[in-house]
$ cat work-v5.csv   # CSV, C-alpha atoms
chain,number,residue,atom,x,y,z
A,6,MET,CA,0.0,0.0,0.0
A,7,PRO,CA,1.5,3.4,-1.0
A,8,ILE,CA,1.9,5.7,2.0
A,9,ALA,CA,0.3,8.5,0.0
A,10,ALA,CA,-3.0,6.6,0.0
A,11,LEU,CA,-3.2,6.3,3.8
A,12,GLN,CA,-6.5,7.5,5.2
A,13,GLN,CA,-8.0,7.7,1.7
A,14,VAL,CA,-9.9,4.5,2.0
A,15,LEU,CA,-12.4,5.6,4.6
A,16,ALA,CA,-13.1,8.7,2.6
A,17,LEU,CA,-14.1,6.6,-0.4
A,18,PHE,CA,-17.1,5.1,1.4
A,19,SER,CA,-18.8,8.2,2.6
A,20,GLY,CA,-21.8,6.2,4.0
A,21,ALA,CA,-22.0,3.7,1.0
A,22,GLU,CA,-21.5,0.0,1.5
A,23,PRO,CA,-17.9,-0.7,0.6
A,24,THR,CA,-17.0,-3.3,-2.0
A,25,GLU,CA,-15.0,-6.4,-1.1
A,26,ALA,CA,-11.9,-4.7,-2.4
A,27,GLU,CA,-12.5,-1.5,-0.5
A,28,HIS,CA,-13.2,-3.5,2.6
A,29,ARG,CA,-9.8,-5.3,2.2
A,30,GLU,CA,-8.0,-2.0,1.6
A,31,LEU,CA,-9.5,-0.5,4.7
A,32,PHE,CA,-8.4,-3.5,6.8
A,33,LYS,CA,-4.8,-3.2,5.5
A,34,GLU,CA,-4.8,0.5,6.0
A,35,ALA,CA,-6.1,0.3,9.6
A,36,LEU,CA,-3.6,-2.5,10.3
A,37,LEU,CA,-0.7,-0.4,9.0
A,38,MET,CA,-1.8,2.8,10.7
A,39,THR,CA,-2.1,1.0,14.1
A,40,VAL,CA,1.0,-1.1,14.2
A,41,ALA,CA,3.2,1.5,12.6
A,42,ARG,CA,2.0,4.1,15.1
A,43,ALA,CA,2.9,1.7,17.9
A,44,THR,CA,6.6,2.0,17.0
A,45,ALA,CA,6.3,5.7,17.9
A,46,SER,CA,4.1,5.2,21.0
A,47,ASP,CA,7.1,5.5,23.2
A,48,THR,CA,10.0,7.9,22.9
A,49,ASN,CA,12.0,6.2,20.2
A,50,VAL,CA,11.4,4.0,17.1
A,51,LYS,CA,13.4,0.8,17.6
A,52,PRO,CA,14.6,-1.1,14.6
A,53,ILE,CA,13.3,-4.4,16.1
A,54,GLU,CA,9.8,-2.9,16.2
A,55,VAL,CA,10.0,-1.7,12.6
A,56,GLU,CA,11.0,-5.2,11.5
A,57,GLN,CA,8.2,-6.7,13.6
A,58,VAL,CA,5.7,-4.4,11.9
A,59,ARG,CA,7.1,-5.4,8.4
A,60,ASP,CA,6.8,-9.1,9.3
A,61,ILE,CA,3.3,-8.8,10.7
A,62,TYR,CA,2.0,-6.6,7.9
A,63,THR,CA,3.4,-9.0,5.3
A,64,ARG,CA,2.0,-12.1,7.1
A,65,VAL,CA,-1.5,-10.6,7.5
A,66,SER,CA,-1.9,-8.6,4.3
A,67,GLY,CA,0.2,-10.7,1.9
A,68,GLU,CA,2.0,-7.4,0.8
A,69,GLU,CA,5.5,-6.3,1.6
A,70,ILE,CA,6.3,-2.9,3.0
A,71,SER,CA,9.6,-1.2,3.4
A,72,ALA,CA,11.2,-0.1,6.7
A,73,ALA,CA,11.2,3.5,5.4
A,74,ASP,CA,7.4,3.3,4.7
A,75,VAL,CA,6.8,2.0,8.2
A,76,ARG,CA,8.8,4.8,9.8
A,77,MET,CA,6.9,7.3,7.6
A,78,ALA,CA,3.5,5.9,8.6
A,79,ALA,CA,4.6,6.0,12.2
A,80,LYS,CA,5.5,9.6,12.2
A,81,SER,CA,2.9,10.8,9.6
A,82,LYS,CA,1.3,14.1,10.2
A,83,LEU,CA,-2.0,12.4,9.1
A,84,TYR,CA,-2.7,11.8,12.8
A,85,GLU,CA,-2.9,15.5,13.5
A,86,SER,CA,-5.9,16.1,11.2
A,87,ALA,CA,-7.7,12.9,12.1
A,88,PRO,CA,-6.8,11.3,15.4
A,89,LEU,CA,-6.2,7.6,15.3
A,90,HIS,CA,-9.1,6.8,17.7
A,91,THR,CA,-11.5,8.7,15.5
A,92,TYR,CA,-10.3,6.9,12.4
A,93,LEU,CA,-10.4,3.5,14.1
A,94,GLY,CA,-13.9,4.2,15.5
A,95,ARG,CA,-15.1,4.7,11.9
A,96,ALA,CA,-13.2,1.7,10.6
A,97,ALA,CA,-14.7,-0.5,13.4
A,98,LYS,CA,-18.1,0.0,11.9
A,99,VAL,CA,-17.0,-1.6,8.7
A,100,LEU,CA,-14.5,-4.3,9.8
A,101,SER,CA,-15.6,-7.7,11.2
A,102,VAL,CA,-14.7,-8.6,14.8
A,103,GLU,CA,-12.2,-11.1,13.5
A,104,GLU,CA,-10.4,-8.3,11.5
A,105,ARG,CA,-10.5,-6.0,14.5
A,106,LEU,CA,-9.0,-8.8,16.6
A,107,VAL,CA,-6.2,-9.3,14.1
A,108,ILE,CA,-5.3,-5.7,14.4
A,109,ALA,CA,-5.3,-5.8,18.2
A,110,ASN,CA,-3.3,-9.0,18.3
A,111,ALA,CA,-0.8,-7.6,15.8
A,112,LEU,CA,-0.4,-4.5,17.9
A,113,SER,CA,0.3,-6.5,21.1
A,114,GLU,CA,3.0,-8.5,19.1
A,115,VAL,CA,4.7,-5.2,18.1
A,116,ILE,CA,4.6,-3.9,21.7
A,117,LEU,CA,6.1,-7.1,23.0
A,118,ALA,CA,8.8,-7.2,20.3
A,119,ASP,CA,11.4,-5.5,22.4
A,120,ASP,CA,10.5,-7.4,25.6
A,121,ARG,CA,9.6,-4.2,27.4
A,122,VAL,CA,6.1,-2.7,27.9
A,123,SER,CA,5.9,1.0,28.8
A,124,ASP,CA,3.0,2.8,30.4
A,125,TYR,CA,2.6,4.8,27.1
A,126,GLU,CA,2.3,1.6,25.1
A,127,VAL,CA,-0.3,0.2,27.5
A,128,ASP,CA,-2.3,3.4,27.2
A,129,PHE,CA,-2.0,3.2,23.4
A,130,PHE,CA,-3.3,-0.4,23.3
A,131,ASP,CA,-6.2,0.5,25.6
A,132,MET,CA,-7.1,3.4,23.3
A,133,VAL,CA,-6.9,1.2,20.2
A,134,ALA,CA,-9.0,-1.6,21.8
A,135,GLU,CA,-11.6,0.9,22.8
A,136,ALA,CA,-11.7,2.6,19.4
A,137,LEU,CA,-12.1,-0.8,17.7
A,138,LYS,CA,-15.0,-1.6,20.2
A,139,LEU,CA,-13.4,-4.8,21.3
A,140,THR,CA,-15.1,-6.4,24.3
A,141,PRO,CA,-13.1,-8.2,27.1
A,142,ALA,CA,-14.4,-11.6,25.7
A,143,GLU,CA,-13.4,-10.7,22.2
A,144,LEU,CA,-9.9,-9.8,23.4
A,145,ALA,CA,-9.7,-13.2,25.1
A,146,GLY,CA,-10.7,-14.9,21.8
A,147,LEU,CA,-14.2,-15.7,22.9
A,148,ILE,CA,-16.5,-15.3,19.9
A,149,VAL,CA,-20.0,-16.7,20.0
A,150,THR,CA,-20.2,-20.0,18.0
A,151,GLN,CA,-23.8,-20.9,18.9
A,152,LYS,CA,-26.9,-18.8,19.5
B,18,MET,CA,-10.2,-25.9,49.7
B,19,SER,CA,-13.3,-26.9,51.6
B,20,ILE,CA,-16.4,-25.9,49.8
B,21,ALA,CA,-18.0,-25.0,53.1
B,22,SER,CA,-15.5,-22.1,53.5
B,23,LEU,CA,-16.5,-20.5,50.1
B,24,GLY,CA,-17.3,-16.9,50.4
B,25,ASN,CA,-16.0,-16.6,53.9
B,26,ILE,CA,-12.5,-15.5,53.2
B,27,LEU,CA,-13.4,-11.9,52.3
B,28,LYS,CA,-15.2,-11.6,55.6
B,29,ILE,CA,-12.0,-12.5,57.5
B,30,PHE,CA,-10.2,-9.3,56.4
B,31,GLY,CA,-12.7,-6.8,57.7
B,32,GLY,CA,-10.7,-3.9,56.1
B,33,ASN,CA,-7.4,-5.1,57.5
B,34,GLU,CA,-4.4,-5.9,55.3
B,35,PRO,CA,-4.5,-9.6,54.6
B,36,SER,CA,-1.5,-11.8,55.3
B,37,ALA,CA,0.2,-13.5,52.4
B,38,GLU,CA,-1.6,-16.8,53.3
B,39,GLU,CA,-5.0,-15.1,53.4
B,40,ARG,CA,-4.3,-13.4,50.1
B,41,GLN,CA,-3.3,-16.8,48.5
B,42,ASN,CA,-6.5,-18.3,49.9
B,43,LEU,CA,-8.6,-15.5,48.5
B,44,PHE,CA,-7.0,-16.0,45.1
B,45,ARG,CA,-7.8,-19.7,45.2
B,46,GLU,CA,-11.3,-19.1,46.3
B,47,ALA,CA,-11.9,-16.5,43.6
B,48,THR,CA,-10.5,-18.8,41.0
B,49,LEU,CA,-12.8,-21.7,42.1
B,50,MET,CA,-15.9,-19.5,42.4
B,51,THR,CA,-15.3,-18.0,38.9
B,52,VAL,CA,-14.3,-21.1,36.9
B,53,SER,CA,-16.8,-23.4,38.6
B,54,ARG,CA,-19.6,-20.9,38.0
B,55,ALA,CA,-18.6,-20.9,34.3
B,56,THR,CA,-19.8,-24.5,34.0
B,57,ALA,CA,-23.2,-23.3,34.9
B,58,SER,CA,-23.3,-20.1,32.8
B,59,ASP,CA,-25.1,-21.9,30.1
B,60,THR,CA,-28.0,-24.3,30.5
B,61,ASN,CA,-26.2,-27.6,31.3
B,62,ILE,CA,-23.0,-28.5,33.1
B,63,LYS,CA,-20.9,-30.6,30.7
B,64,GLN,CA,-18.5,-33.1,32.1
B,65,VAL,CA,-15.6,-31.8,29.9
B,66,GLU,CA,-16.0,-28.4,31.5
B,67,VAL,CA,-15.9,-29.9,35.0
B,68,GLU,CA,-12.7,-31.8,34.2
B,69,THR,CA,-11.2,-28.6,32.8
B,70,VAL,CA,-12.1,-26.8,35.9
B,71,ARG,CA,-10.4,-29.5,38.0
B,72,ASP,CA,-7.3,-29.4,35.8
B,73,ILE,CA,-7.0,-25.6,35.8
B,74,TYR,CA,-7.7,-25.3,39.5
B,75,GLN,CA,-4.9,-27.8,40.3
B,76,ARG,CA,-2.5,-26.2,37.9
B,77,VAL,CA,-3.1,-22.7,39.3
B,78,THR,CA,-3.4,-23.5,43.0
B,79,GLY,CA,-1.4,-26.8,43.4
B,80,GLU,CA,-4.5,-28.3,45.1
B,81,GLU,CA,-6.8,-31.0,43.9
B,82,ILE,CA,-10.5,-30.7,43.9
B,83,SER,CA,-13.2,-33.3,43.2
B,84,SER,CA,-15.8,-33.2,40.4
B,85,ALA,CA,-18.5,-33.2,43.1
B,86,ASP,CA,-17.0,-30.1,44.7
B,87,VAL,CA,-16.8,-28.3,41.4
B,88,ARG,CA,-20.5,-29.1,40.7
B,89,MET,CA,-21.4,-28.0,44.2
B,90,ALA,CA,-19.5,-24.7,43.9
B,91,ALA,CA,-21.1,-24.1,40.4
B,92,ASN,CA,-24.6,-24.5,41.8
B,93,SER,CA,-23.9,-23.0,45.2
B,94,LYS,CA,-26.6,-20.8,46.8
B,95,LEU,CA,-23.8,-18.5,47.8
B,96,TYR,CA,-24.4,-16.5,44.6
B,97,GLU,CA,-27.8,-15.6,45.7
B,98,SER,CA,-26.7,-13.8,48.8
B,99,ALA,CA,-23.6,-12.2,47.3
B,100,PRO,CA,-23.6,-11.9,43.5
B,101,LEU,CA,-20.3,-12.9,41.9
B,102,TYR,CA,-19.7,-9.5,40.4
B,103,ARG,CA,-19.8,-7.8,43.8
B,104,TYR,CA,-17.6,-10.5,45.3
B,105,LEU,CA,-15.0,-10.2,42.5
B,106,GLY,CA,-15.1,-6.4,42.7
B,107,ARG,CA,-14.0,-6.7,46.4
B,108,VAL,CA,-11.4,-9.4,45.6
B,109,ALA,CA,-9.9,-7.2,42.8
B,110,LYS,CA,-8.9,-4.6,45.4
B,111,VAL,CA,-6.8,-7.3,47.2
B,112,ILE,CA,-5.2,-9.5,44.6
B,113,ASP,CA,-2.6,-8.2,42.1
B,114,VAL,CA,-3.0,-7.8,38.3
B,115,HIS,CA,-1.2,-11.0,37.5
B,116,GLU,CA,-3.7,-13.0,39.7
B,117,ARG,CA,-6.6,-11.2,38.1
B,118,VAL,CA,-5.3,-12.0,34.7
B,119,THR,CA,-4.8,-15.7,35.7
B,120,ILE,CA,-8.4,-16.0,36.8
B,121,ALA,CA,-9.6,-14.5,33.5
B,122,LYS,CA,-7.4,-16.8,31.5
B,123,ALA,CA,-8.5,-19.8,33.4
B,124,LEU,CA,-12.1,-18.8,32.8
B,125,SER,CA,-11.5,-18.5,29.0
B,126,GLU,CA,-9.9,-21.9,29.0
B,127,VAL,CA,-13.0,-23.4,30.7
B,128,ILE,CA,-15.4,-21.7,28.2
B,129,LEU,CA,-13.4,-22.9,25.2
B,130,SER,CA,-13.0,-26.5,26.6
B,131,ASP,CA,-16.1,-27.8,24.8
B,132,ASP,CA,-15.3,-26.0,21.5
B,133,HIS,CA,-18.5,-24.0,21.7
B,134,VAL,CA,-19.0,-20.4,22.9
B,135,SER,CA,-22.5,-19.3,23.9
B,136,GLU,CA,-23.8,-15.8,24.3
B,137,ALA,CA,-24.3,-16.5,28.0
B,138,GLU,CA,-20.7,-17.5,28.4
B,139,VAL,CA,-19.5,-14.3,26.6
B,140,GLU,CA,-21.7,-12.2,28.8
B,141,PHE,CA,-20.4,-14.0,31.9
B,142,PHE,CA,-16.8,-13.5,30.8
B,143,ASN,CA,-17.4,-9.8,30.2
B,144,MET,CA,-19.0,-9.5,33.6
B,145,VAL,CA,-16.0,-11.2,35.3
B,146,ALA,CA,-13.4,-9.1,33.4
B,147,ASP,CA,-15.3,-5.9,34.3
B,148,SER,CA,-15.6,-6.9,38.0
B,149,LEU,CA,-11.9,-7.8,38.2
B,150,GLN,CA,-11.2,-4.3,36.7
B,151,LEU,CA,-9.1,-5.7,33.9
B,152,SER,CA,-8.1,-3.3,31.1
B,153,PRO,CA,-7.9,-4.3,27.4
B,154,ALA,CA,-4.1,-4.2,27.7
B,155,GLU,CA,-4.1,-6.4,30.8
B,156,LEU,CA,-6.4,-9.0,29.0
B,157,ALA,CA,-3.9,-9.0,26.1
B,158,GLY,CA,-1.0,-9.7,28.5
B,159,LEU,CA,0.4,-6.2,28.3
B,160,VAL,CA,1.5,-5.2,31.8
B,161,PRO,CA,4.2,-2.4,32.1
B,162,ARG,CA,7.7,-3.8,32.7
B,163,ASP,CA,11.2,-2.5,32.0

$ encode --input "work-v5.csv" --output "structure tokens"
Amino acid sequence: MPIAALQQVLALFSGAEPTEAEHRELFKEALLMTVARATASDTNVKPIEVEQVRDIYTRVSGEEISAADVRMAAKSKLYESAPLHTYLGRAAKVLSVEERLVIANALSEVILADDRVSDYEVDFFDMVAEALKLTPAELAGLIVTQK
Amino acid sequence: MSIASLGNILKIFGGNEPSAEERQNLFREATLMTVSRATASDTNIKQVEVETVRDIYQRVTGEEISSADVRMAANSKLYESAPLYRYLGRVAKVIDVHERVTIAKALSEVILSDDHVSEAEVEFFNMVADSLQLSPAELAGLVPRD
């Protein structure tokens, strides 16, 4: 996904039901915006976190991304015009619970990549989980299988 | 743990700081009350869930418990006089975050043990997590550490 296209996907929908391709693009964009931002959620962007983001993004989306693009997404000024929690709140209305969980799980992997967890990273995770409207049960992997 | 003592441990403290032993007993009691109750959170108590409760309880506490005691705890009238959410809310102020996460994880294991997840079980888990004052990050295993 080209960095220039970030945050463009949600704008495409403007209330209309997204196509399958748009839905997929939104998921990838939300994933990248969340996990890339995690590398900047404490004071410095560590190379091990950038590599973890690249690995996770490739594994989940099937697309490669460069370290430079991850760093650019992490520090993008995009967040100033539309805070991440507002963006994710809108994305949550479109994405399935499974997709929202993939994003949250990917984020926890990135945070744990350097074997340290800061207060700032914990606050960032709580903000993302809340914005994605994930319940405690969903975070624990409990999705209803029978009505 | 004797089933007869269930629900009594919190009364012992009476606002005083619990000893290490009292705290450990409280953690064990809260674990048993939560996971055994999960077997009754849907309409029928499945044997596989009872066995999972026994396995988990032994792994977490180092103590054995019988199937009969699990079933008795699951159906105990204790819950009528002191709802579980209120009990866990008080417990949460005494035990640490790692113990609270352990109880939540044990509960999710029990719920998943029969490969089905019902709406009642999901609601029960959300109630327990809320009562134990667990944040999303804590549920995901993210606890601050240097």

$ atom_distance --input "work-v5.csv" --atom1 "atom CA of Ala145 of chain A" --atom2 "atom CA of Met144 of chain B"
13.1 Å

$ residues_near_point --input "work-v5.csv" --point "(-17.2, 4.3, 13.9)" --cutoff "12 Å" --atoms "all atoms listed in the file" --output "PyMOL selection string"
chain A and resi 15+20+89-100+135-138

$ write_last_selection --input "work-v5.csv" --atoms "C-alpha atoms" --output "PDB file, in the frame of the given file"
ATOM      1  CA  LEU A  15     -12.400   5.600   4.600  1.00  0.00           C
ATOM      2  CA  GLY A  20     -21.800   6.200   4.000  1.00  0.00           C
ATOM      3  CA  LEU A  89      -6.200   7.600  15.300  1.00  0.00           C
ATOM      4  CA  HIS A  90      -9.100   6.800  17.700  1.00  0.00           C
ATOM      5  CA  THR A  91     -11.500   8.700  15.500  1.00  0.00           C
ATOM      6  CA  TYR A  92     -10.300   6.900  12.400  1.00  0.00           C
ATOM      7  CA  LEU A  93     -10.400   3.500  14.100  1.00  0.00           C
ATOM      8  CA  GLY A  94     -13.900   4.200  15.500  1.00  0.00           C
ATOM      9  CA  ARG A  95     -15.100   4.700  11.900  1.00  0.00           C
ATOM     10  CA  ALA A  96     -13.200   1.700  10.600  1.00  0.00           C
ATOM     11  CA  ALA A  97     -14.700  -0.500  13.400  1.00  0.00           C
ATOM     12  CA  LYS A  98     -18.100   0.000  11.900  1.00  0.00           C
ATOM     13  CA  VAL A  99     -17.000  -1.600   8.700  1.00  0.00           C
ATOM     14  CA  LEU A 100     -14.500  -4.300   9.800  1.00  0.00           C
ATOM     15  CA  GLU A 135     -11.600   0.900  22.800  1.00  0.00           C
ATOM     16  CA  ALA A 136     -11.700   2.600  19.400  1.00  0.00           C
ATOM     17  CA  LEU A 137     -12.100  -0.800  17.700  1.00  0.00           C
ATOM     18  CA  LYS A 138     -15.000  -1.600  20.200  1.00  0.00           C
TER      19      LYS A 138
END

$ closest_atom_pairs --input "work-v5.csv" --of "chain A" --to "chain B" --cutoff "12 Å" --atoms "all atoms listed in the file" --output "JSON lines"
{"residue": "A:Leu106", "atom": "CA", "partner": "B:Ala157", "partner_atom": "CA", "distance": 10.8}
{"residue": "A:Ala109", "atom": "CA", "partner": "B:Ala157", "partner_atom": "CA", "distance": 8.6}
{"residue": "A:Asn110", "atom": "CA", "partner": "B:Ala157", "partner_atom": "CA", "distance": 7.8}
{"residue": "A:Ala111", "atom": "CA", "partner": "B:Ala157", "partner_atom": "CA", "distance": 10.8}
{"residue": "A:Leu112", "atom": "CA", "partner": "B:Ala157", "partner_atom": "CA", "distance": 10.0}
{"residue": "A:Ser113", "atom": "CA", "partner": "B:Ala157", "partner_atom": "CA", "distance": 7.0}
{"residue": "A:Glu114", "atom": "CA", "partner": "B:Leu159", "partner_atom": "CA", "distance": 9.8}
{"residue": "A:Val115", "atom": "CA", "partner": "B:Leu159", "partner_atom": "CA", "distance": 11.1}
{"residue": "A:Ile116", "atom": "CA", "partner": "B:Leu159", "partner_atom": "CA", "distance": 8.2}
{"residue": "A:Leu117", "atom": "CA", "partner": "B:Leu159", "partner_atom": "CA", "distance": 7.8}
{"residue": "A:Ala118", "atom": "CA", "partner": "B:Leu159", "partner_atom": "CA", "distance": 11.6}
{"residue": "A:Asp119", "atom": "CA", "partner": "B:Asp163", "partner_atom": "CA", "distance": 10.1}
{"residue": "A:Asp120", "atom": "CA", "partner": "B:Asp163", "partner_atom": "CA", "distance": 8.1}
{"residue": "A:Arg121", "atom": "CA", "partner": "B:Asp163", "partner_atom": "CA", "distance": 5.2}
{"residue": "A:Val122", "atom": "CA", "partner": "B:Pro161", "partner_atom": "CA", "distance": 4.6}
{"residue": "A:Ser123", "atom": "CA", "partner": "B:Pro161", "partner_atom": "CA", "distance": 5.0}
{"residue": "A:Asp124", "atom": "CA", "partner": "B:Pro161", "partner_atom": "CA", "distance": 5.6}
{"residue": "A:Tyr125", "atom": "CA", "partner": "B:Pro161", "partner_atom": "CA", "distance": 8.9}
{"residue": "A:Glu126", "atom": "CA", "partner": "B:Pro161", "partner_atom": "CA", "distance": 8.3}
{"residue": "A:Val127", "atom": "CA", "partner": "B:Ala154", "partner_atom": "CA", "distance": 5.8}
{"residue": "A:Asp128", "atom": "CA", "partner": "B:Ala154", "partner_atom": "CA", "distance": 7.8}
{"residue": "A:Phe129", "atom": "CA", "partner": "B:Ala154", "partner_atom": "CA", "distance": 8.8}
{"residue": "A:Phe130", "atom": "CA", "partner": "B:Ala154", "partner_atom": "CA", "distance": 5.9}
{"residue": "A:Asp131", "atom": "CA", "partner": "B:Pro153", "partner_atom": "CA", "distance": 5.4}
{"residue": "A:Met132", "atom": "CA", "partner": "B:Pro153", "partner_atom": "CA", "distance": 8.8}
{"residue": "A:Val133", "atom": "CA", "partner": "B:Pro153", "partner_atom": "CA", "distance": 9.1}
{"residue": "A:Ala134", "atom": "CA", "partner": "B:Pro153", "partner_atom": "CA", "distance": 6.3}
{"residue": "A:Glu135", "atom": "CA", "partner": "B:Pro153", "partner_atom": "CA", "distance": 7.9}
{"residue": "A:Ala136", "atom": "CA", "partner": "B:Pro153", "partner_atom": "CA", "distance": 11.2}
{"residue": "A:Leu137", "atom": "CA", "partner": "B:Pro153", "partner_atom": "CA", "distance": 11.1}
{"residue": "A:Lys138", "atom": "CA", "partner": "B:Pro153", "partner_atom": "CA", "distance": 10.5}
{"residue": "A:Leu139", "atom": "CA", "partner": "B:Pro153", "partner_atom": "CA", "distance": 8.2}
{"residue": "A:Thr140", "atom": "CA", "partner": "B:Asn143", "partner_atom": "CA", "distance": 7.2}
{"residue": "A:Pro141", "atom": "CA", "partner": "B:Asn143", "partner_atom": "CA", "distance": 5.5}
{"residue": "A:Ala142", "atom": "CA", "partner": "B:Asn143", "partner_atom": "CA", "distance": 5.7}
{"residue": "A:Glu143", "atom": "CA", "partner": "B:Val139", "partner_atom": "CA", "distance": 8.3}
{"residue": "A:Leu144", "atom": "CA", "partner": "B:Ala157", "partner_atom": "CA", "distance": 6.6}
{"residue": "A:Ala145", "atom": "CA", "partner": "B:Leu156", "partner_atom": "CA", "distance": 6.6}
{"residue": "A:Gly146", "atom": "CA", "partner": "B:Ser125", "partner_atom": "CA", "distance": 8.1}
{"residue": "A:Leu147", "atom": "CA", "partner": "B:Val139", "partner_atom": "CA", "distance": 6.6}
{"residue": "A:Ile148", "atom": "CA", "partner": "B:Val134", "partner_atom": "CA", "distance": 6.4}
{"residue": "A:Val149", "atom": "CA", "partner": "B:Val134", "partner_atom": "CA", "distance": 4.8}
{"residue": "A:Thr150", "atom": "CA", "partner": "B:Val134", "partner_atom": "CA", "distance": 5.1}
{"residue": "A:Gln151", "atom": "CA", "partner": "B:Ser135", "partner_atom": "CA", "distance": 5.4}
{"residue": "A:Lys152", "atom": "CA", "partner": "B:Ser135", "partner_atom": "CA", "distance": 6.2}

$ closest_residue --input "work-v5.csv" --among "A:Ala26, A:Ala45, A:Leu37, A:Ile53" --to "Glu69 of chain A" --atoms "all atoms listed in the file"
A:Leu37

$ residues_around --input "work-v5.csv" --residues "Asn92 of chain B" --least-positions-apart "5" --cutoff "10 Å" --atoms "only C-alpha atoms" --output "PyMOL selection string"
chain B and resi 53-54+56-57+62+86-87

$ atom_distance --input "work-v5.csv" --atom1 "atom CA of Val102 of chain A" --atom2 "atom CA of Arg64 of chain A"
18.7 Å

$ residues_around --input "work-v5.csv" --residues "Tyr74 of chain B" --least-positions-apart "2" --cutoff "10 Å" --atoms "all atoms listed in the file" --output "MDAnalysis selection string"
chainID B and resid 45:46 48:49 52:53 68:72 76:82 87 120 123

$ residues_near_point --input "work-v5.csv" --point "(0.0, -7.7, 7.5)" --cutoff "10 Å" --atoms "only C-alpha atoms" --output "list of chain:residue names"
A:Phe32, A:Lys33, A:Glu34, A:Leu36, A:Leu37, A:Val40, A:Val58, A:Arg59, A:Asp60, A:Ile61, A:Tyr62, A:Thr63, A:Arg64, A:Val65, A:Ser66, A:Gly67, A:Glu68, A:Glu69, A:Ile70, A:Val107, A:Ile108, A:Ala111

$ residues_around --input "work-v5.csv" --residues "Ala37 of chain B" --least-positions-apart "5" --cutoff "12 Å" --atoms "all atoms listed in the file" --output "list in words"
Phe30, Asn42, Leu43, Phe44, Val111, Ile112 and Asp113 of chain B
